[in-house]
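K.L.:
This is the structure I have questions about; it appears just below.
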Amino acid sequence: MRQDDVPSFFDVRMRGFRDRAEVEQVLALLRQRLRPRPAEMVSVRDAAGRVLAGDVVAAVAVPAFDRAAMDGYALQALETFGASAYNPMEFAIAGEALPGQAFPGKLRPGQAVRIMTGAPLPEGADAVLQAEAAEENRGRLRVSDAVPPGRHVGHRGEDVEEGAVVLGSGRVLRPQDLGVLASIGAAPIAVVRRPRVALLITGNELLPCGSKPEGYRIIDSNSVMLDALVRRDGGLPEAAQLLADGYEVVRAALIAADADVILMSGGSSVGKEDHAPRVLAEVGELSFHGMALRPASPAGVGFIDNRPVFLLPGNPVSCLSAYDFFAGPAIRRLGGRSMDWPYRCVTLPLDRKIVSAIGRVDYVRVQIRDGRVEPLATSGASILTSTTRADGFVIVARDSEGVAAGQPVQVFLYDERSDRT
């Protein structure tokens, strides 16, 4: 199909949007069309941050034997009953047990075994007397206090029972989870395959990251930001491609991209050189173009061979907003994660009113000062430093004209710091 053959209703260049899609419409489509990717097997050492593709069931108990929870002496608790400072009891020390080295044989009446933390409890013993609560002299142990059965004993399976579900499907694995998996010998493990994400950055004015600005050209910042966002959401970003503004260039790049998700930054609006929406309609499916959202209203969403394509505005804040509302949830869903916002939230009173308009969702950058939320005065979609000065953002719902001063608002924090709250 030639450029001129694309249906005109897909071409909004220099005309603007007739209709704008609701945020929830787009998210509903993504939930309907996208499913987690297949599983792959990885070692426990390589599983940090990965998503379990199925329940992990323990094939062994942890610990696999009764063991000492303290350094001391293993003995039969019943034999210590009646012991006191005025009526001490003595036991013969029959030997010792060390971690990985059991006491050979069975404990006999009147005997105790010197034992270290983690060592297997000798047969016939049911308690451990702490070292500091006993006196040892010439192979004899003097006990001046009774010990209840089970004292300082770690019982078989008290950490993990054999056959128990240790970790459930869909869990994002943390360092302590890896420790548990290692303890039960679970290797390798099945995790959801991470989605590969193509980064296509358009703009004749762009220079690659690491360059110096020159003339009327600017440095590409979106690819760096998107790369980090994709990694945060569990995706595998491919090396970004800088593309010139041109119908054939954009078309060739979209056709060639074979990743699970395609992010195209720039060329999504209504300018003369904004070719991405028409190209996507030609080579795939343009499901939505133009969002009831500020910033990021020129964003678009579609599919090529059922792989999601996100047309993100070139202005950096709009790009960030569109990614967080649409592309981020899709990447997380494909990777087996929750589509919910990945940010920590706090609820605090608003210091100064936020003005919005019914019919659109507003993404408002805010600062937190003295326990109150203050909207940033800068609202431009090209002012990326507004997101570095901001502590987070507030979302104003589409059915609201804004939020009055003093009202509580939910703030999505850009980072994990809490010292500003």
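By order in the structure tokens, chains are A, B, ...; within a chain, residues start at 1; ligands start at 1, following the order shown.
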Could you write out, as a list in words, all the residues of region 96-131 of chain A that DSSP marks as strand (DSSP E or B)?
P.N.:
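Answer for region 96-131 of chain A restricted to strand (DSSP E or B) is Glu96, Ala97, Leu98, Gln101, Lys106, Gln111, Ala112, Val113, Arg114, Ile115, Pro120, Glu123, Ala127, Val128, Leu129 and Gln130 of chain A.
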K.L.:
Neighbours of Ala102 (chain A) within 10 Å (only C-alpha atoms; same-chain residues fewer than 6 positions away dropped), as a list in words?
P.N.:
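That gives Arg67, Glu96, Ile115, Ala119, Pro120, Leu121, Pro122 and Glu123 of chain A.
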K.L.:
Kindly export the residues of the current selection with C-alpha atoms, as a short mmCIF file (atom, residue, chain, number, x, y, z; two decimals), in the first residue's frame.
P.N.:
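Wrote it out as result-v2.cif, contents follow:
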data_model
loop_
_atom_site.label_atom_id
_atom_site.label_comp_id
_atom_site.auth_asym_id
_atom_site.auth_seq_id
_atom_site.Cartn_x
_atom_site.Cartn_y
_atom_site.Cartn_z
CA ARG A 67 19.33 -29.96 64.93
CA GLU A 96 30.39 -34.28 70.35
CA ILE A 115 26.96 -30.00 70.33
CA ALA A 119 24.67 -30.02 64.26
CA PRO A 120 22.26 -32.98 64.09
CA LEU A 121 20.65 -33.86 67.42
CA PRO A 122 21.92 -37.26 68.64
CA GLU A 123 19.51 -40.15 68.78
#
K.L.:
For Leu75 (chain A), which residue among A:Asp177, A:Asp126, A:Asp233, A:Glu374 is the nearest when counting only C-alpha atoms?
P.N.:
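Smallest distance to Leu75 (chain A) is found for A:Asp126.
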K.L.:
What does the structure give for the distance between CA of Leu263 (chain A) and CA of Phe325 (chain A), in Å to one decimal?
P.N.:
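Here the two named atoms are 13.3 Å from each other.
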K.L.:
For region 251-256 of chain A, please output as a PDB file with N, CA and C atoms, in the first residue's frame all residues within 12 Å (counting only C-alpha atoms; exclusion window: fewer than 5 positions along the same chain).
P.N.:
ATOM      1  N   MET A   1       0.855  -1.195   0.000  1.00  0.00           N
ATOM      2  CA  MET A   1       0.000   0.000   0.000  1.00  0.00           C
ATOM      3  C   MET A   1       0.888   1.241   0.000  1.00  0.00           C
ATOM      4  N   ARG A   2       0.629   2.164  -0.900  1.00  0.00           N
ATOM      5  CA  ARG A   2       1.397   3.399  -0.945  1.00  0.00           C
ATOM      6  C   ARG A   2       0.916   4.366   0.124  1.00  0.00           C
ATOM      7  N   GLN A   3       1.757   5.371   0.420  1.00  0.00           N
ATOM      8  CA  GLN A   3       1.396   6.345   1.454  1.00  0.00           C
ATOM      9  C   GLN A   3       0.039   6.985   1.180  1.00  0.00           C
ATOM     10  N   ALA A 198      11.688  -3.176  21.481  1.00  0.00           N
ATOM     11  CA  ALA A 198      12.392  -2.347  20.505  1.00  0.00           C
ATOM     12  C   ALA A 198      12.170  -0.876  20.834  1.00  0.00           C
ATOM     13  N   LEU A 199      13.223  -0.077  20.735  1.00  0.00           N
ATOM     14  CA  LEU A 199      13.161   1.365  20.987  1.00  0.00           C
ATOM     15  C   LEU A 199      13.472   2.095  19.692  1.00  0.00           C
ATOM     16  N   LEU A 200      12.462   2.704  19.095  1.00  0.00           N
ATOM     17  CA  LEU A 200      12.613   3.445  17.841  1.00  0.00           C
ATOM     18  C   LEU A 200      12.377   4.924  18.141  1.00  0.00           C
ATOM     19  N   ILE A 201      13.402   5.738  17.960  1.00  0.00           N
ATOM     20  CA  ILE A 201      13.354   7.147  18.334  1.00  0.00           C
ATOM     21  C   ILE A 201      13.447   7.986  17.067  1.00  0.00           C
ATOM     22  N   THR A 202      12.409   8.758  16.773  1.00  0.00           N
ATOM     23  CA  THR A 202      12.390   9.528  15.528  1.00  0.00           C
ATOM     24  C   THR A 202      12.664  11.005  15.790  1.00  0.00           C
ATOM     25  N   ALA A 240      18.659   1.221  21.156  1.00  0.00           N
ATOM     26  CA  ALA A 240      17.773   2.201  20.531  1.00  0.00           C
ATOM     27  C   ALA A 240      18.248   2.555  19.129  1.00  0.00           C
ATOM     28  N   GLN A 241      17.278   2.764  18.244  1.00  0.00           N
ATOM     29  CA  GLN A 241      17.573   3.213  16.882  1.00  0.00           C
ATOM     30  C   GLN A 241      17.098   4.652  16.710  1.00  0.00           C
ATOM     31  N   LEU A 242      17.983   5.542  16.284  1.00  0.00           N
ATOM     32  CA  LEU A 242      17.595   6.908  15.960  1.00  0.00           C
ATOM     33  C   LEU A 242      17.189   6.954  14.493  1.00  0.00           C
ATOM     34  N   LEU A 243      15.975   7.432  14.213  1.00  0.00           N
ATOM     35  CA  LEU A 243      15.422   7.429  12.866  1.00  0.00           C
ATOM     36  C   LEU A 243      15.142   8.854  12.401  1.00  0.00           C
ATOM     37  N   ALA A 244      15.393   9.105  11.142  1.00  0.00           N
ATOM     38  CA  ALA A 244      15.014  10.386  10.554  1.00  0.00           C
ATOM     39  C   ALA A 244      13.504  10.431  10.380  1.00  0.00           C
ATOM     40  N   ASP A 245      12.956  11.649  10.377  1.00  0.00           N
ATOM     41  CA  ASP A 245      11.526  11.818  10.116  1.00  0.00           C
ATOM     42  C   ASP A 245      11.270  11.583   8.629  1.00  0.00           C
ATOM     43  N   GLY A 246      10.577  10.514   8.325  1.00  0.00           N
ATOM     44  CA  GLY A 246      10.269  10.211   6.936  1.00  0.00           C
ATOM     45  C   GLY A 246       9.377   8.994   6.870  1.00  0.00           C
ATOM     46  N   VAL A 261       7.530  -6.129  22.011  1.00  0.00           N
ATOM     47  CA  VAL A 261       6.885  -4.827  22.188  1.00  0.00           C
ATOM     48  C   VAL A 261       7.687  -3.810  21.396  1.00  0.00           C
ATOM     49  N   ILE A 262       6.998  -2.878  20.758  1.00  0.00           N
ATOM     50  CA  ILE A 262       7.678  -1.828  19.999  1.00  0.00           C
ATOM     51  C   ILE A 262       7.294  -0.479  20.594  1.00  0.00           C
ATOM     52  N   LEU A 263       8.298   0.290  20.974  1.00  0.00           N
ATOM     53  CA  LEU A 263       8.086   1.656  21.447  1.00  0.00           C
ATOM     54  C   LEU A 263       8.655   2.598  20.402  1.00  0.00           C
ATOM     55  N   MET A 264       7.829   3.480  19.885  1.00  0.00           N
ATOM     56  CA  MET A 264       8.300   4.493  18.941  1.00  0.00           C
ATOM     57  C   MET A 264       8.074   5.857  19.579  1.00  0.00           C
ATOM     58  N   GLY A 267       6.980  11.574  16.392  1.00  0.00           N
ATOM     59  CA  GLY A 267       6.227  11.318  15.155  1.00  0.00           C
ATOM     60  C   GLY A 267       4.820  10.833  15.376  1.00  0.00           C
ATOM     61  N   ASP A 274       4.772  13.849  11.273  1.00  0.00           N
ATOM     62  CA  ASP A 274       4.322  12.812  12.210  1.00  0.00           C
ATOM     63  C   ASP A 274       3.698  11.664  11.422  1.00  0.00           C
ATOM     64  N   HIS A 275       4.544  10.735  10.992  1.00  0.00           N
ATOM     65  CA  HIS A 275       4.114   9.655  10.103  1.00  0.00           C
ATOM     66  C   HIS A 275       3.717   8.376  10.833  1.00  0.00           C
ATOM     67  N   ALA A 276       4.114   8.219  12.092  1.00  0.00           N
ATOM     68  CA  ALA A 276       3.963   6.930  12.780  1.00  0.00           C
ATOM     69  C   ALA A 276       2.525   6.396  12.796  1.00  0.00           C
ATOM     70  N   PRO A 277       1.503   7.218  13.111  1.00  0.00           N
ATOM     71  CA  PRO A 277       0.140   6.658  13.153  1.00  0.00           C
ATOM     72  C   PRO A 277      -0.316   6.092  11.804  1.00  0.00           C
ATOM     73  N   ARG A 278      -0.051   6.810  10.714  1.00  0.00           N
ATOM     74  CA  ARG A 278      -0.477   6.312   9.393  1.00  0.00           C
ATOM     75  C   ARG A 278       0.270   5.041   9.029  1.00  0.00           C
ATOM     76  N   VAL A 279       1.571   5.004   9.357  1.00  0.00           N
ATOM     77  CA  VAL A 279       2.350   3.812   9.030  1.00  0.00           C
ATOM     78  C   VAL A 279       1.833   2.610   9.806  1.00  0.00           C
ATOM     79  N   LEU A 280       1.561   2.793  11.096  1.00  0.00           N
ATOM     80  CA  LEU A 280       1.062   1.675  11.896  1.00  0.00           C
ATOM     81  C   LEU A 280      -0.286   1.194  11.364  1.00  0.00           C
ATOM     82  N   ALA A 281      -1.147   2.118  10.953  1.00  0.00           N
ATOM     83  CA  ALA A 281      -2.435   1.720  10.376  1.00  0.00           C
ATOM     84  C   ALA A 281      -2.238   0.923   9.096  1.00  0.00           C
ATOM     85  N   GLU A 282      -1.171   1.218   8.363  1.00  0.00           N
ATOM     86  CA  GLU A 282      -0.914   0.523   7.102  1.00  0.00           C
ATOM     87  C   GLU A 282      -0.343  -0.874   7.319  1.00  0.00           C
ATOM     88  N   VAL A 283       0.679  -0.971   8.187  1.00  0.00           N
ATOM     89  CA  VAL A 283       1.395  -2.250   8.321  1.00  0.00           C
ATOM     90  C   VAL A 283       0.824  -3.126   9.432  1.00  0.00           C
ATOM     91  N   GLY A 284      -0.074  -2.589  10.229  1.00  0.00           N
ATOM     92  CA  GLY A 284      -0.645  -3.358  11.333  1.00  0.00           C
ATOM     93  C   GLY A 284      -2.024  -2.854  11.693  1.00  0.00           C
ATOM     94  N   GLU A 285      -2.200  -2.537  12.944  1.00  0.00           N
ATOM     95  CA  GLU A 285      -3.501  -2.089  13.452  1.00  0.00           C
ATOM     96  C   GLU A 285      -3.292  -0.884  14.356  1.00  0.00           C
ATOM     97  N   GLY A 302      -1.359   0.370  19.136  1.00  0.00           N
ATOM     98  CA  GLY A 302      -1.827  -0.556  18.116  1.00  0.00           C
ATOM     99  C   GLY A 302      -1.067  -1.863  18.180  1.00  0.00           C
ATOM    100  N   PHE A 303      -1.150  -2.640  17.106  1.00  0.00           N
ATOM    101  CA  PHE A 303      -0.539  -3.968  17.094  1.00  0.00           C
ATOM    102  C   PHE A 303       0.015  -4.269  15.705  1.00  0.00           C
ATOM    103  N   ILE A 304       1.107  -5.023  15.686  1.00  0.00           N
ATOM    104  CA  ILE A 304       1.619  -5.630  14.470  1.00  0.00           C
ATOM    105  C   ILE A 304       1.780  -7.120  14.767  1.00  0.00           C
ATOM    106  N   ASP A 305       1.035  -7.947  14.063  1.00  0.00           N
ATOM    107  CA  ASP A 305       1.054  -9.391  14.320  1.00  0.00           C
ATOM    108  C   ASP A 305       0.793  -9.689  15.796  1.00  0.00           C
ATOM    109  N   ARG A 307       1.560  -8.074  18.288  1.00  0.00           N
ATOM    110  CA  ARG A 307       2.577  -7.511  19.182  1.00  0.00           C
ATOM    111  C   ARG A 307       2.239  -6.042  19.413  1.00  0.00           C
ATOM    112  N   PRO A 308       2.184  -5.586  20.664  1.00  0.00           N
ATOM    113  CA  PRO A 308       1.763  -4.214  20.920  1.00  0.00           C
ATOM    114  C   PRO A 308       2.794  -3.193  20.448  1.00  0.00           C
ATOM    115  N   VAL A 309       2.277  -2.115  19.884  1.00  0.00           N
ATOM    116  CA  VAL A 309       3.095  -0.998  19.437  1.00  0.00           C
ATOM    117  C   VAL A 309       2.588   0.259  20.141  1.00  0.00           C
ATOM    118  N   PHE A 310       3.500   1.011  20.737  1.00  0.00           N
ATOM    119  CA  PHE A 310       3.127   2.225  21.461  1.00  0.00           C
ATOM    120  C   PHE A 310       3.793   3.418  20.792  1.00  0.00           C
ATOM    121  N   LEU A 311       2.965   4.338  20.343  1.00  0.00           N
ATOM    122  CA  LEU A 311       3.450   5.581  19.750  1.00  0.00           C
ATOM    123  C   LEU A 311       3.499   6.618  20.869  1.00  0.00           C
TER     124      LEU A 311
END
K.L.:
Near Ser338 (chain A), counting only C-alpha atoms, which residues have an atom at most 9 Å away, once you skip same-chain residues fewer than 4 positions from it, shown as a PyMOL selection string?
P.N.:
chain A and resi 170+329+332-333+342
K.L.:
Find the residues near Gly215 (chain A): any atom within 12 Å, counting only C-alpha atoms, skip ones fewer than 6 places away on the same chain, and give them as number ranges by chain.
P.N.:
A: 205-207
K.L.:
Output C-alpha atoms for every residue in the selection just made, as an mmCIF file, in the first residue's frame.
P.N.:
data_model
loop_
_atom_site.group_PDB
_atom_site.id
_atom_site.type_symbol
_atom_site.label_atom_id
_atom_site.label_comp_id
_atom_site.auth_asym_id
_atom_site.auth_seq_id
_atom_site.Cartn_x
_atom_site.Cartn_y
_atom_site.Cartn_z
ATOM 1 C CA GLU A 205 16.777 17.202 15.188
ATOM 2 C CA LEU A 206 18.134 14.457 17.439
ATOM 3 C CA LEU A 207 21.751 13.656 18.220
#
K.L.:
So, with only C-alpha atoms as the atoms that count, which of A:Arg156, A:Leu178, A:Asp399, A:Tyr247 lies closest to Phe65 (chain A)?
P.N.:
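Answer, going by the shortest atom-to-atom distance: A:Arg156.
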K.L.:
Where does DSSP see alpha helix (DSSP H) in region 42-272 of chain A, if you list the residues as a compact mmCIF listing (two decimals) with C-alpha atoms, in the first residue's frame?
P.N.:
# COMPACT_ATOMS: atom_id res chain seq x y z
CA PRO A 175 17.04 -12.02 47.42
CA GLN A 176 15.52 -13.88 50.38
CA ASP A 177 13.33 -15.89 47.99
CA LEU A 178 16.45 -17.07 46.20
CA GLY A 179 17.85 -18.21 49.54
CA VAL A 180 14.76 -20.34 50.18
CA LEU A 181 14.91 -21.81 46.67
CA ALA A 182 18.54 -22.70 47.18
CA SER A 183 17.77 -24.29 50.57
CA ASN A 222 13.97 9.61 25.51
CA SER A 223 15.89 6.48 24.56
CA VAL A 224 17.90 6.58 27.78
CA MET A 225 14.79 7.16 29.88
CA LEU A 226 12.80 4.44 28.09
CA ASP A 227 15.65 1.94 28.38
CA ALA A 228 15.65 2.40 32.17
CA LEU A 229 11.85 2.24 32.41
CA VAL A 230 11.74 -0.99 30.41
CA ARG A 231 14.37 -2.57 32.68
CA ARG A 232 12.45 -1.44 35.74
CA TYR A 247 7.42 7.97 5.90
CA GLU A 248 9.58 5.29 4.30
CA VAL A 249 12.12 5.32 7.14
CA VAL A 250 9.42 4.90 9.78
CA ARG A 251 7.66 2.24 7.74
CA ALA A 252 10.83 0.20 7.23
CA ALA A 253 11.71 0.38 10.93
CA LEU A 254 8.27 -0.77 12.08
CA ILE A 255 8.22 -3.65 9.60
CA ALA A 256 11.73 -4.76 10.59
K.L.:
List the neighbours of Arg50 (chain A) out to 8 Å using only C-alpha atoms; skip same-chain residues closer than 4 positions along the sequence, and give me the result as a list in words.
P.N.:
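Here the answer would be Val172, Leu173, Val191, Val192 and Gly234 of chain A.
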K.L.:
Store the residues of this selection in a file with C-alpha atoms, as a PDB file, in the first residue's frame.
P.N.:
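Contents of again-v8.pdb, freshly written:
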ATOM      1  CA  VAL A 172       8.719 -11.457  41.672  1.00  0.00           C
ATOM      2  CA  LEU A 173      11.748 -13.098  43.239  1.00  0.00           C
ATOM      3  CA  VAL A 191      10.299 -18.127  35.220  1.00  0.00           C
ATOM      4  CA  VAL A 192       8.314 -16.038  32.753  1.00  0.00           C
ATOM      5  CA  GLY A 234      11.134  -6.471  33.719  1.00  0.00           C
TER       6      GLY A 234
END
K.L.:
Any idea what's packed within 7 Å of region 365-369 of chain A, counting only C-alpha atoms, ignoring anything in its chain fewer than 4 positions away? Could you give it as a JSON list (two decimals) with N, CA and C atoms, in the first residue's frame?
P.N.:
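Written out: part-v1.json:
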[["chain", "number", "residue", "atom", "x", "y", "z"],
["A", 373, "VAL", "N", 1.29, 18.56, 49.80],
["A", 373, "VAL", "CA", 1.57, 18.34, 48.39],
["A", 373, "VAL", "C", 1.40, 19.65, 47.62],
["A", 374, "GLU", "N", 2.45, 20.01, 46.88],
["A", 374, "GLU", "CA", 2.43, 21.27, 46.13],
["A", 374, "GLU", "C", 2.64, 20.99, 44.65],
["A", 375, "PRO", "N", 1.65, 21.34, 43.79],
["A", 375, "PRO", "CA", 1.83, 21.14, 42.35],
["A", 375, "PRO", "C", 2.96, 22.03, 41.83],
["A", 376, "LEU", "N", 3.76, 21.52, 40.91],
["A", 376, "LEU", "CA", 4.82, 22.33, 40.32],
["A", 376, "LEU", "C", 4.21, 23.37, 39.39],
["A", 387, "THR", "N", 10.37, 16.66, 36.26],
["A", 387, "THR", "CA", 10.20, 15.34, 36.88],
["A", 387, "THR", "C", 11.36, 15.03, 37.83],
["A", 390, "ALA", "N", 10.41, 17.10, 40.92],
["A", 390, "ALA", "CA", 9.20, 16.57, 41.55],
["A", 390, "ALA", "C", 9.52, 15.36, 42.41],
["A", 391, "ASP", "N", 8.75, 15.19, 43.47],
["A", 391, "ASP", "CA", 8.85, 13.98, 44.29],
["A", 391, "ASP", "C", 7.98, 12.87, 43.71],
["A", 392, "GLY", "N", 7.00, 13.25, 42.91],
["A", 392, "GLY", "CA", 6.09, 12.26, 42.34],
["A", 392, "GLY", "C", 5.01, 12.95, 41.54],
["A", 393, "PHE", "N", 3.91, 12.27, 41.37],
["A", 393, "PHE", "CA", 2.81, 12.83, 40.58],
["A", 393, "PHE", "C", 1.47, 12.43, 41.18],
["A", 394, "VAL", "N", 0.47, 13.24, 40.85],
["A", 394, "VAL", "CA", -0.91, 13.00, 41.26],
["A", 394, "VAL", "C", -1.73, 12.81, 40.00],
["A", 420, "ARG", "N", 11.15, 12.87, 52.59],
["A", 420, "ARG", "CA", 10.46, 14.12, 52.26],
["A", 420, "ARG", "C", 9.03, 14.11, 52.77],
["A", 421, "THR", "N", 8.55, 12.97, 53.26],
["A", 421, "THR", "CA", 7.17, 12.88, 53.68],
["A", 421, "THR", "C", 7.04, 13.09, 55.18]]
K.L.:
How many Å lie between CA of Pro88 (chain A) and CA of Asp145 (chain A), rounded to one decimal?
P.N.:
7.5 Å
K.L.:
Distance CA of Ala257 (chain A)-CA of Ser382 (chain A), one decimal place?
P.N.:
27.3 Å
K.L.:
Could you build a table of the residues in region 5-90 of chain A lying no more than 7 Å from region 138-144 of chain A, giving for each the nearest pair of atoms and their separation in Å rounded to one decimal place, using only C-alpha atoms, ordered by chain and ascending residue number, as a tab-separated table?
P.N.:
residue	atom	partner	partner_atom	distance
A:Ala83	CA	A:Ser144	CA	5.2
A:Ser84	CA	A:Ser144	CA	4.3
A:Ala85	CA	A:Ser144	CA	4.8
A:Asn87	CA	A:Ser144	CA	6.9
A:Pro88	CA	A:Ser144	CA	4.5
A:Met89	CA	A:Val143	CA	5.2
A:Glu90	CA	A:Arg142	CA	4.6
